[in-house]
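What follows is a single structure, written as structure tokens, with notes after it.
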Amino acid sequence: MASTAAERKRKEREEKKEQGMVQKSFWLSEDEVKVIESFKQNNELKTNDEALQQILKAIKEMQDSK
């Protein structure tokens with residue numbers, strides 16, 4: 001049975017919650033969005049979410065190593 005776009009989105013939100021993620025909304029400048037999109041493309045990632053998660057993980061690792 002085919003699912004609707006709303007059903008697929010609901011399933012995606014449920015899966016993310018199960019992974020311990022929370023949804024937030026942010027305002028970013030055009031330049032900040034370009035940084036995220038460039039990182040996504042350069043690292044062959046599928047979504048901006050993945051790119052931002054990897055950027056934040058790298059920052060955290062740098063801070064933890066100090």
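Letters A, B, ... mark the chains of the structure tokens in the order given; residue numbers begin at 1 per chain; ligand numbers begin at 1, in order shown.
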| task | Could you tell me, as number ranges by chain, which residues of chain A DSSP assigns to alpha helix (DSSP H) when given the backbone? | result | A: 5-18, 30-42, 48-64
| field | Nearby residues (only C-alpha atoms) at most 9 Å from stretch 21-37 of chain A, same-chain spacing under 6 positions excluded, as a list in words | value | Arg13, Glu15, Thr47, Asn48, Asp49, Ala51, Leu52 and Ile55 of chain A
Can I get the selected residues back with all heavy atoms, as a PDB file, in the first residue's frame?
ATOM      1  N   ARG A  13       9.647  11.675  11.208  1.00  0.00           N
ATOM      2  CA  ARG A  13       9.723  12.375  12.493  1.00  0.00           C
ATOM      3  C   ARG A  13       9.791  11.378  13.650  1.00  0.00           C
ATOM      4  O   ARG A  13      10.570  11.564  14.590  1.00  0.00           O
ATOM      5  CB  ARG A  13       8.521  13.305  12.673  1.00  0.00           C
ATOM      6  CG  ARG A  13       8.621  14.590  11.876  1.00  0.00           C
ATOM      7  CD  ARG A  13       7.573  15.608  12.299  1.00  0.00           C
ATOM      8  NE  ARG A  13       6.210  15.109  12.190  1.00  0.00           N
ATOM      9  CZ  ARG A  13       5.454  15.190  11.100  1.00  0.00           C
ATOM     10  NH1 ARG A  13       5.918  15.763  10.024  1.00  0.00           N
ATOM     11  NH2 ARG A  13       4.221  14.713  11.102  1.00  0.00           N
ATOM     12  N   GLU A  15      10.954   8.296  13.590  1.00  0.00           N
ATOM     13  CA  GLU A  15      12.269   7.643  13.584  1.00  0.00           C
ATOM     14  C   GLU A  15      13.339   8.555  14.178  1.00  0.00           C
ATOM     15  O   GLU A  15      14.200   8.102  14.927  1.00  0.00           O
ATOM     16  CB  GLU A  15      12.639   7.236  12.155  1.00  0.00           C
ATOM     17  CG  GLU A  15      11.809   6.089  11.626  1.00  0.00           C
ATOM     18  CD  GLU A  15      12.029   5.809  10.146  1.00  0.00           C
ATOM     19  OE1 GLU A  15      12.736   6.601   9.468  1.00  0.00           O
ATOM     20  OE2 GLU A  15      11.490   4.802   9.661  1.00  0.00           O
ATOM     21  N   THR A  47      21.584  15.232   2.946  1.00  0.00           N
ATOM     22  CA  THR A  47      20.742  16.308   3.480  1.00  0.00           C
ATOM     23  C   THR A  47      21.574  17.361   4.207  1.00  0.00           C
ATOM     24  O   THR A  47      22.695  17.093   4.652  1.00  0.00           O
ATOM     25  CB  THR A  47      19.713  15.753   4.495  1.00  0.00           C
ATOM     26  OG1 THR A  47      20.408  15.257   5.646  1.00  0.00           O
ATOM     27  CG2 THR A  47      18.860  14.653   3.881  1.00  0.00           C
ATOM     28  N   ASN A  48      20.985  18.541   4.340  1.00  0.00           N
ATOM     29  CA  ASN A  48      21.617  19.591   5.129  1.00  0.00           C
ATOM     30  C   ASN A  48      21.686  19.180   6.593  1.00  0.00           C
ATOM     31  O   ASN A  48      22.605  19.577   7.305  1.00  0.00           O
ATOM     32  CB  ASN A  48      20.851  20.906   4.979  1.00  0.00           C
ATOM     33  CG  ASN A  48      21.048  21.541   3.620  1.00  0.00           C
ATOM     34  OD1 ASN A  48      21.961  21.198   2.876  1.00  0.00           O
ATOM     35  ND2 ASN A  48      20.175  22.466   3.280  1.00  0.00           N
ATOM     36  N   ASP A  49      20.700  18.408   7.060  1.00  0.00           N
ATOM     37  CA  ASP A  49      20.727  17.899   8.435  1.00  0.00           C
ATOM     38  C   ASP A  49      22.002  17.102   8.683  1.00  0.00           C
ATOM     39  O   ASP A  49      22.682  17.297   9.690  1.00  0.00           O
ATOM     40  CB  ASP A  49      19.525  16.989   8.721  1.00  0.00           C
ATOM     41  CG  ASP A  49      18.230  17.753   8.907  1.00  0.00           C
ATOM     42  OD1 ASP A  49      18.269  18.989   9.050  1.00  0.00           O
ATOM     43  OD2 ASP A  49      17.170  17.099   8.924  1.00  0.00           O
ATOM     44  N   ALA A  51      24.800  17.273   7.050  1.00  0.00           N
ATOM     45  CA  ALA A  51      25.955  18.175   6.987  1.00  0.00           C
ATOM     46  C   ALA A  51      26.114  18.933   8.295  1.00  0.00           C
ATOM     47  O   ALA A  51      27.210  18.997   8.861  1.00  0.00           O
ATOM     48  CB  ALA A  51      25.790  19.150   5.818  1.00  0.00           C
ATOM     49  N   LEU A  52      25.034  19.483   8.798  1.00  0.00           N
ATOM     50  CA  LEU A  52      25.099  20.243  10.035  1.00  0.00           C
ATOM     51  C   LEU A  52      25.491  19.357  11.217  1.00  0.00           C
ATOM     52  O   LEU A  52      26.293  19.757  12.069  1.00  0.00           O
ATOM     53  CB  LEU A  52      23.758  20.924  10.297  1.00  0.00           C
ATOM     54  CG  LEU A  52      23.708  21.945  11.414  1.00  0.00           C
ATOM     55  CD1 LEU A  52      24.804  22.990  11.265  1.00  0.00           C
ATOM     56  CD2 LEU A  52      22.350  22.610  11.454  1.00  0.00           C
ATOM     57  N   ILE A  55      29.237  18.810  10.966  1.00  0.00           N
ATOM     58  CA  ILE A  55      29.953  20.043  11.317  1.00  0.00           C
ATOM     59  C   ILE A  55      29.975  20.199  12.834  1.00  0.00           C
ATOM     60  O   ILE A  55      31.024  20.473  13.431  1.00  0.00           O
ATOM     61  CB  ILE A  55      29.301  21.267  10.642  1.00  0.00           C
ATOM     62  CG1 ILE A  55      29.522  21.219   9.117  1.00  0.00           C
ATOM     63  CG2 ILE A  55      29.834  22.565  11.234  1.00  0.00           C
ATOM     64  CD1 ILE A  55      28.659  22.196   8.331  1.00  0.00           C
TER      65      ILE A  55
END
| Atom-to-atom span, atom CA of A:Lys66 and atom CA of A:Glu44, Å |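 Taking atom CA of A:Lys66 as the start and atom CA of A:Glu44 as the end point, the length is 29.1 Å.
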| request: Go ahead and compute the interatomic distance for atom CA of A:Glu12 and atom CA of A:Leu56, in Å to one decimal. | output: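 Taking atom CA of A:Glu12 as the start and atom CA of A:Leu56 as the end point, the length is 21.5 Å.
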